[in-house]
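A.B. asks: Take a look at the following structure, please.
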Amino acid sequence: MLENYDVIVIGTGAGGGMAIKTLCEAGLKVCALNAGRQVDPRKDFRQHRMPYDLKFRGFDSPARRAISIGYMDNEYVAPDAWEHEIAYSMAPGTRWTWPRSNLVGGKTNFWGRSSARMADIDFKAASRDGFDVDWPVSYVDIAPYYTRVEEMIGVASTVQNRPSNPDGTYLPPIRFRCIDYILESGAKKSGIPYLPDRIAQLTQPHQGHPPCHYCGNCTEGCDVGAFFSSPYFLLPLAHATGNLDLRTNAIAREILVDTDGRAKGVAYVNRLTRQEVEVYGKAVVVAASCISTAQIMLNSRSRQWPNGIANSSGQLGRNLCDHMYGTTAYGYLPQLLGQPSFPDNVSAATVAWLPRWQNLDNPRQEKFLRGYSFYPGGGCEQFPGYYDDIEGFGAGYRAEIKRRYPTPVSLTLQAPSQRSDKNFVDIDPTKKDVFGTPQVRLHFEWDENTLKMWEHARQVSEELFRNMGAVYQGHGDPESPGWSLHETGTCRMGNDARHFVTNKFGQTHDVPNLYACDASVMLNCTDKTTTLSVLAFSLRTSEYIVNQFKTGGHRSV
Amino acid sequence: MAGQGPSRRELLQALSLASAASAFPGFSRWCFAFGKANAQPPAYRPQFFSASQYQTVEVLADLILPTTQDAAGKRQPGAREAGVAEFIDFMVFSDETLQEPFRDGLQWLDHAGRADFVRLSAGEQHAILERLAYKARHRADEKKGQLFFHLIRKYSVMGFYTTRIGLESLDYPGLTFYATSPGCTHHGNPEHVGKL
């Protein structure tokens, strides 16, 4: 296959999907490479199954359990929805959990949907507290893209006037449940905010997509497309232009360069035939998600780029950040004991959140820098997971399980790690995966600032439990890094080519026709989730690329 | 797929189809109990347990989660009708790591009383389980039995609250079509103890 395209896009998730749509709609010929197969929501997602419709009732076969990477890699989702073939390495001491979905659309098929805008308190954080460097963009640069993305995907929330959380254009919020009002009253006593989350879940018909029908189980995939995912919201629009050639099971291995060191195409391995294929384009967009993006670029070694393409700064793969997740408090609400069951899991628990309230007026107010946020959980889940808290057996045991059903409550911390020289990815010097590609190797440990946030959050959670009259039963441990799926960095954007891989448009400093359109360009992961910002930054970069084609920066085929 | 969202009717069909799709071997009992009133489930043949072990598992599961009456006086069927023993047999059959703990545990139980567990009187069976279930009644030399009780209670709960019988007994409100988000209906009640 020797074909020429305007742009080769690696990845079809939030970043890649947005790039593909934008470039195709502008009339450019796009070849999209996706490492896995096409997604078929009606077959791959079983979120409308009751546990008794599954052979192992949702507890998974021992064989599935042995290979599951956790998260939503379970009986409700097709086994190959999650990546199990492409191996990776971890440096001694690193315990990275890496749920990768290489289905078309990637992790947008299963994401948590929380969609807050980042703000200048994030972009200009270094100017406020002196740590690390500012982003090369301001909120005013990105705000119009946030607005357009919100209009495209539909985000339900309310106007909240929070200093760290700029308001956007919102659909009506999902209504508070009993537990939300109880949590809200406790938060009020604690002096911390409790508000409707910004959630990309449709509360009314939007852009031709049906509204949510609140069945629950959203993160196991939505087979009606009532929340944003690339296969429902972006790729059909790209296909409709006739400009898209989507190649599935195409695992990008290397970006090819011409004699000047500019990108000329991509070499990929066909997952099924194991054959290597080359495609050529005038520009290349890498949107394979942070770590894979770095792997592909580091593996693109040539005479011109001996240390990986666009890596003259030596920063490619560096500055990996992630959100620390973990249950900082769990227990139950005695005021709900014996209450009727209520559909609490209607939206899989991100009805509300506790957005950052720390270090707002004074950036050095707390013992840690920056800030974190919480997501609450609880109420009637399907399975009574608290059964082991109750002693005994018999009729009394059954009655107690029923009495406790509406009462569980917990808080999940979302705390950003900060840039550290210790946290990065490189290429394993000895190991190759089954496709013959040198494996990516992860180096990561939680920094002291994040651990201080954990301690702080634990105390705040315990106090909040007291203030809402909950019985506090304990806390979990921080999850291993990677669990949040919010990794950022590896191709950070900045104005100085000596210290940053990409410029403020996501274009690599070294190779003007090579772009990154995923969270790899972000300086850190802030207290917000990444997907909305990936979409906004990708839209901005994609329009910049279109403009390059219009003004002669890149020549169209 | 954009612009081709399913209708409400199609969604409702999808919901009801999913729940009717149960056809896994061995899980017959509770399906029949609710699906077709007059149909007789075929006798279940254990895949892992011997006939006597299986009988013990059935008795244990039903002691842990018996048929009861709820506060409104409504009969709530228990583990036996929900086919919990079938589920446990299937899970132990499928998972080698469970086989020894179950085999040893059942053997321990048969030696805990004056006769095999299923031959004991209801009172004697209860007395043994109470020693295993409540920390205050634990005996130092019965660690093995306590661990086994914990294990079989866990699998009984897993097997029971994943059946229609079990979920209906909790009034599980999910996997339903709600036309709008079903929020709290008694906001403002200071203690949130009003009637829904």
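By convention in this document, the chains of the structure tokens carry letters A, B, ... by their order, each chain's residues are numbered from 1, and ligands are numbered from 1 in the order they are shown.
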Using only C-alpha atoms, I'd like every residue of chain A that has an atom within 6 Å of chain B; please write them out as a list in words.
C.D. replies: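 The selection requested is His48, Arg49, Pro51, Tyr52, Asp53, Pro62, Ile174, Arg175, Phe176, Arg177, Cys178, Gly208, His209, Pro210, His213, Tyr214, Cys215, Tyr232, Ser341, Pro343, Gly392, Phe393, Gly394 and Lys402 of chain A.
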A.B. asks: Just the selected residues (N, CA and C atoms), exported as a PDB file, in the first residue's frame, please.
C.D. replies:
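Written out: part-v6.pdb:
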ATOM      1  N   HIS A  48     -26.375  -3.220  29.701  1.00  0.00           N
ATOM      2  CA  HIS A  48     -27.793  -3.480  29.976  1.00  0.00           C
ATOM      3  C   HIS A  48     -28.045  -4.909  30.448  1.00  0.00           C
ATOM      4  N   ARG A  49     -26.979  -5.640  30.733  1.00  0.00           N
ATOM      5  CA  ARG A  49     -27.148  -6.984  31.269  1.00  0.00           C
ATOM      6  C   ARG A  49     -27.265  -6.926  32.788  1.00  0.00           C
ATOM      7  N   PRO A  51     -26.608  -9.016  36.306  1.00  0.00           N
ATOM      8  CA  PRO A  51     -25.515  -9.969  36.597  1.00  0.00           C
ATOM      9  C   PRO A  51     -25.896 -11.405  36.249  1.00  0.00           C
ATOM     10  N   TYR A  52     -27.186 -11.734  36.398  1.00  0.00           N
ATOM     11  CA  TYR A  52     -27.581 -13.116  36.102  1.00  0.00           C
ATOM     12  C   TYR A  52     -27.634 -13.405  34.616  1.00  0.00           C
ATOM     13  N   ASP A  53     -27.388 -12.394  33.801  1.00  0.00           N
ATOM     14  CA  ASP A  53     -27.268 -12.630  32.357  1.00  0.00           C
ATOM     15  C   ASP A  53     -25.828 -12.919  31.954  1.00  0.00           C
ATOM     16  N   PRO A  62     -11.994 -17.153  36.254  1.00  0.00           N
ATOM     17  CA  PRO A  62     -10.627 -17.060  36.799  1.00  0.00           C
ATOM     18  C   PRO A  62      -9.627 -16.650  35.716  1.00  0.00           C
ATOM     19  N   ILE A 174     -27.656  16.928  36.209  1.00  0.00           N
ATOM     20  CA  ILE A 174     -28.318  15.746  36.767  1.00  0.00           C
ATOM     21  C   ILE A 174     -28.766  16.112  38.177  1.00  0.00           C
ATOM     22  N   ARG A 175     -29.955  15.705  38.540  1.00  0.00           N
ATOM     23  CA  ARG A 175     -30.496  16.151  39.831  1.00  0.00           C
ATOM     24  C   ARG A 175     -29.788  15.477  41.005  1.00  0.00           C
ATOM     25  N   PHE A 176     -29.670  16.192  42.099  1.00  0.00           N
ATOM     26  CA  PHE A 176     -29.081  15.636  43.320  1.00  0.00           C
ATOM     27  C   PHE A 176     -29.956  14.503  43.852  1.00  0.00           C
ATOM     28  N   ARG A 177     -29.274  13.501  44.414  1.00  0.00           N
ATOM     29  CA  ARG A 177     -29.964  12.401  45.090  1.00  0.00           C
ATOM     30  C   ARG A 177     -29.955  12.698  46.594  1.00  0.00           C
ATOM     31  N   CYS A 178     -30.606  11.853  47.382  1.00  0.00           N
ATOM     32  CA  CYS A 178     -30.618  12.081  48.837  1.00  0.00           C
ATOM     33  C   CYS A 178     -29.195  12.221  49.358  1.00  0.00           C
ATOM     34  N   GLY A 208     -28.384  15.568  17.909  1.00  0.00           N
ATOM     35  CA  GLY A 208     -28.803  14.306  17.307  1.00  0.00           C
ATOM     36  C   GLY A 208     -28.560  13.079  18.165  1.00  0.00           C
ATOM     37  N   HIS A 209     -28.084  13.278  19.389  1.00  0.00           N
ATOM     38  CA  HIS A 209     -27.851  12.144  20.281  1.00  0.00           C
ATOM     39  C   HIS A 209     -28.964  12.071  21.328  1.00  0.00           C
ATOM     40  N   PRO A 210     -29.353  10.849  21.717  1.00  0.00           N
ATOM     41  CA  PRO A 210     -30.456  10.716  22.687  1.00  0.00           C
ATOM     42  C   PRO A 210     -29.983  11.077  24.089  1.00  0.00           C
ATOM     43  N   HIS A 213     -30.718   7.667  29.771  1.00  0.00           N
ATOM     44  CA  HIS A 213     -31.922   7.107  30.386  1.00  0.00           C
ATOM     45  C   HIS A 213     -31.626   6.557  31.779  1.00  0.00           C
ATOM     46  N   TYR A 214     -30.468   6.950  32.331  1.00  0.00           N
ATOM     47  CA  TYR A 214     -30.161   6.737  33.749  1.00  0.00           C
ATOM     48  C   TYR A 214     -30.270   5.274  34.186  1.00  0.00           C
ATOM     49  N   CYS A 215     -29.762   4.396  33.338  1.00  0.00           N
ATOM     50  CA  CYS A 215     -29.806   2.981  33.718  1.00  0.00           C
ATOM     51  C   CYS A 215     -28.673   2.626  34.671  1.00  0.00           C
ATOM     52  N   TYR A 232     -19.149   7.831  18.722  1.00  0.00           N
ATOM     53  CA  TYR A 232     -20.517   8.323  18.542  1.00  0.00           C
ATOM     54  C   TYR A 232     -20.559   9.780  18.098  1.00  0.00           C
ATOM     55  N   SER A 341     -35.206   1.844  48.734  1.00  0.00           N
ATOM     56  CA  SER A 341     -34.122   1.877  47.750  1.00  0.00           C
ATOM     57  C   SER A 341     -34.372   2.981  46.742  1.00  0.00           C
ATOM     58  N   PRO A 343     -32.723   4.985  43.068  1.00  0.00           N
ATOM     59  CA  PRO A 343     -31.777   4.782  41.952  1.00  0.00           C
ATOM     60  C   PRO A 343     -30.563   5.711  42.035  1.00  0.00           C
ATOM     61  N   GLY A 392     -22.802 -12.400  61.381  1.00  0.00           N
ATOM     62  CA  GLY A 392     -23.939 -13.288  61.542  1.00  0.00           C
ATOM     63  C   GLY A 392     -24.437 -13.950  60.281  1.00  0.00           C
ATOM     64  N   PHE A 393     -25.663 -14.444  60.357  1.00  0.00           N
ATOM     65  CA  PHE A 393     -26.300 -15.173  59.260  1.00  0.00           C
ATOM     66  C   PHE A 393     -27.788 -15.260  59.555  1.00  0.00           C
ATOM     67  N   GLY A 394     -28.534 -15.745  58.577  1.00  0.00           N
ATOM     68  CA  GLY A 394     -29.960 -15.971  58.819  1.00  0.00           C
ATOM     69  C   GLY A 394     -30.816 -14.749  58.522  1.00  0.00           C
ATOM     70  N   LYS A 402     -30.440  -5.500  53.854  1.00  0.00           N
ATOM     71  CA  LYS A 402     -31.464  -4.644  53.232  1.00  0.00           C
ATOM     72  C   LYS A 402     -31.472  -3.251  53.867  1.00  0.00           C
TER      73      LYS A 402
END
A.B. asks: Could you give me, as a list in words, the residues within 8 Å of stretch 44-59 of chain B, counting only C-alpha atoms and dropping anything in the same chain fewer than 4 positions from it?
C.D. replies: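 Here the answer would be Gly26, Leu63, Ala79, Arg80, Val84, Ala85, Glu86, Asp89, Phe90, Val92, Phe93, Leu106, Phe117 and Val118 of chain B.
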A.B. asks: With DSSP run on the backbone, what are the strand (DSSP E) residues within stretch 335-465 of chain A? I'd like them as an NGL selection string.
C.D. replies: :A and (352-353 or 373-378 or 408-416 or 424-432 or 438-443)
A.B. asks: Can I get the selection written as a short mmCIF file (atom, residue, chain, number, x, y, z; two decimals), in the first residue's frame, with N, CA and C atoms?
C.D. replies:
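As a result, selection07.cif now contains:
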data_model
loop_
_atom_site.label_atom_id
_atom_site.label_comp_id
_atom_site.auth_asym_id
_atom_site.auth_seq_id
_atom_site.Cartn_x
_atom_site.Cartn_y
_atom_site.Cartn_z
N ALA A 352 -22.10 14.70 41.43
CA ALA A 352 -21.56 15.87 42.12
C ALA A 352 -20.06 15.73 42.32
N TRP A 353 -19.43 16.83 42.67
CA TRP A 353 -18.01 16.80 43.03
C TRP A 353 -17.72 17.89 44.02
N SER A 373 -9.25 17.71 44.17
CA SER A 373 -10.71 17.67 44.22
C SER A 373 -11.16 16.28 44.66
N PHE A 374 -12.43 16.18 45.00
CA PHE A 374 -13.02 14.90 45.42
C PHE A 374 -14.20 14.54 44.54
N TYR A 375 -14.44 13.25 44.40
CA TYR A 375 -15.72 12.77 43.86
C TYR A 375 -16.39 11.90 44.92
N PRO A 376 -17.68 12.16 45.19
CA PRO A 376 -18.38 11.33 46.17
C PRO A 376 -18.97 10.08 45.50
N GLY A 377 -19.14 9.07 46.29
CA GLY A 377 -19.81 7.86 45.79
C GLY A 377 -20.72 7.32 46.87
N GLY A 378 -21.63 6.44 46.48
CA GLY A 378 -22.45 5.81 47.50
C GLY A 378 -23.88 5.60 47.08
N PRO A 408 -24.41 3.35 51.98
CA PRO A 408 -22.96 3.49 51.80
C PRO A 408 -22.58 4.86 51.27
N VAL A 409 -21.42 5.35 51.70
CA VAL A 409 -20.94 6.64 51.21
C VAL A 409 -19.41 6.61 51.23
N SER A 410 -18.80 7.27 50.26
CA SER A 410 -17.34 7.30 50.21
C SER A 410 -16.87 8.54 49.46
N LEU A 411 -15.61 8.86 49.63
CA LEU A 411 -15.01 9.98 48.90
C LEU A 411 -13.77 9.47 48.16
N THR A 412 -13.67 9.85 46.89
CA THR A 412 -12.50 9.49 46.09
C THR A 412 -11.69 10.75 45.84
N LEU A 413 -10.41 10.66 46.16
CA LEU A 413 -9.52 11.81 45.97
C LEU A 413 -8.99 11.83 44.54
N GLN A 414 -8.89 13.04 44.00
CA GLN A 414 -8.21 13.24 42.72
C GLN A 414 -7.14 14.31 42.95
N ALA A 415 -5.90 13.86 43.15
CA ALA A 415 -4.82 14.78 43.52
C ALA A 415 -3.71 14.72 42.47
N PRO A 416 -3.34 15.87 41.90
CA PRO A 416 -2.33 15.85 40.84
C PRO A 416 -0.92 15.68 41.38
N PHE A 424 9.21 9.67 34.44
CA PHE A 424 9.36 9.78 32.98
C PHE A 424 9.19 8.41 32.33
N VAL A 425 9.15 8.40 31.02
CA VAL A 425 9.19 7.13 30.28
C VAL A 425 10.40 7.15 29.36
N ASP A 426 10.98 5.97 29.14
CA ASP A 426 12.02 5.82 28.13
C ASP A 426 11.79 4.47 27.43
N ILE A 427 12.74 4.08 26.62
CA ILE A 427 12.60 2.81 25.90
C ILE A 427 13.44 1.76 26.61
N ASP A 428 12.84 0.63 26.89
CA ASP A 428 13.57 -0.48 27.50
C ASP A 428 14.69 -0.91 26.56
N PRO A 429 15.95 -0.89 27.02
CA PRO A 429 17.06 -1.17 26.11
C PRO A 429 17.11 -2.62 25.63
N THR A 430 16.42 -3.53 26.32
CA THR A 430 16.56 -4.94 25.92
C THR A 430 15.26 -5.59 25.47
N LYS A 431 14.10 -5.12 25.96
CA LYS A 431 12.88 -5.89 25.71
C LYS A 431 12.07 -5.37 24.54
N LYS A 432 11.57 -6.34 23.76
CA LYS A 432 10.65 -6.00 22.67
C LYS A 432 9.33 -6.71 22.89
N PRO A 438 10.44 -2.18 20.39
CA PRO A 438 11.04 -1.95 21.71
C PRO A 438 10.02 -1.38 22.70
N GLN A 439 9.96 -1.97 23.88
CA GLN A 439 8.92 -1.63 24.86
C GLN A 439 9.19 -0.28 25.52
N VAL A 440 8.11 0.37 25.87
CA VAL A 440 8.23 1.59 26.67
C VAL A 440 8.45 1.17 28.13
N ARG A 441 9.22 1.99 28.84
CA ARG A 441 9.51 1.66 30.24
C ARG A 441 9.12 2.85 31.12
N LEU A 442 8.39 2.56 32.18
CA LEU A 442 7.86 3.61 33.05
C LEU A 442 8.68 3.76 34.32
N HIS A 443 8.91 5.03 34.67
CA HIS A 443 9.59 5.35 35.93
C HIS A 443 8.67 6.32 36.67
#
A.B. asks: From the DSSP assignment of the backbone, select every residue of stretch 158-250 of chain A that is alpha helix (DSSP H), and format the answer as a PyMOL selection string.
C.D. replies: chain A and resi 178-190+230-233+235-240
A.B. asks: Could you make a table, as a tab-separated table, of the residues of stretch 45-124 of chain A that have an atom within 12 Å of an atom of stretch 256-277 of chain A, each with its nearest atom pair and distance in Å to one decimal, counting only C-alpha atoms, in chain and number order?
C.D. replies:
residue	atom	partner	partner_atom	distance
A:Glu83	CA	A:Arg271	CA	11.8
A:Glu85	CA	A:Arg271	CA	9.5
A:Ile86	CA	A:Arg271	CA	10.0
A:Asn102	CA	A:Arg271	CA	11.4
A.B. asks: Can you tell me how far atom CA of A:Asp40 sits from atom CA of A:Ile20, in Å to one decimal?
C.D. replies: 19.5 Å
A.B. asks: I'd like to know which of B:Ala72, B:Ala82, B:Ala43, B:Leu98 is closest to B:Phe148, using only C-alpha atoms.
C.D. replies: B:Leu98
A.B. asks: Kindly give the distance, in Å, that separates atom CA of A:Asp389 and atom CA of A:Arg403, rounded to a single decimal.
C.D. replies: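 These atoms are spaced 12.8 Å apart.
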A.B. asks: Quick one: residues within 10 Å of A:Trp446, only C-alpha atoms, excluding same-chain residues fewer than 5 positions away - as a list of chain:residue names?
C.D. replies: A:Thr94, A:Cys321, A:Asp322, A:His323, A:Met324, A:Pro416, A:Ser417, A:Gln418, A:Ser420, A:Lys422, A:Asn423, A:Leu451, A:Pro478, A:Ser480, A:Pro481
A.B. asks: Could you save those same residues with C-alpha atoms as an mmCIF file, in the first residue's frame?
C.D. replies:
data_model
loop_
_atom_site.group_PDB
_atom_site.id
_atom_site.type_symbol
_atom_site.label_atom_id
_atom_site.label_comp_id
_atom_site.auth_asym_id
_atom_site.auth_seq_id
_atom_site.Cartn_x
_atom_site.Cartn_y
_atom_site.Cartn_z
ATOM 1 C CA THR A 94 7.557 1.574 39.802
ATOM 2 C CA CYS A 321 2.384 13.415 35.805
ATOM 3 C CA ASP A 322 -0.725 11.614 36.975
ATOM 4 C CA HIS A 323 -3.642 11.938 39.359
ATOM 5 C CA MET A 324 -3.410 10.079 42.615
ATOM 6 C CA PRO A 416 -2.332 15.846 40.839
ATOM 7 C CA SER A 417 1.297 14.855 41.026
ATOM 8 C CA GLN A 418 3.768 17.594 40.241
ATOM 9 C CA SER A 420 9.590 15.599 38.913
ATOM 10 C CA LYS A 422 12.092 10.990 38.696
ATOM 11 C CA ASN A 423 8.922 10.534 36.665
ATOM 12 C CA LEU A 451 1.437 12.536 49.559
ATOM 13 C CA PRO A 478 -3.616 5.505 47.318
ATOM 14 C CA SER A 480 -1.123 2.754 42.081
ATOM 15 C CA PRO A 481 -0.197 5.454 39.562
#
A.B. asks: For stretch 456-468 of chain A, list every protein, DNA or RNA residue within 9 Å, evaluated using only C-alpha atoms, and leave out those in the same chain fewer than 5 positions away; present the list as an NGL selection string.
C.D. replies: :A and (182-190 or 327-333 or 367-368 or 372-374 or 410-411 or 413 or 451 or 474-475)
A.B. asks: Would you mind reading off the distance between atom CA of A:Gln548 and atom CA of A:Gly506, one decimal, in Å?
C.D. replies: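 Taking atom CA of A:Gln548 and atom CA of A:Gly506, their separation equals 13.1 Å.
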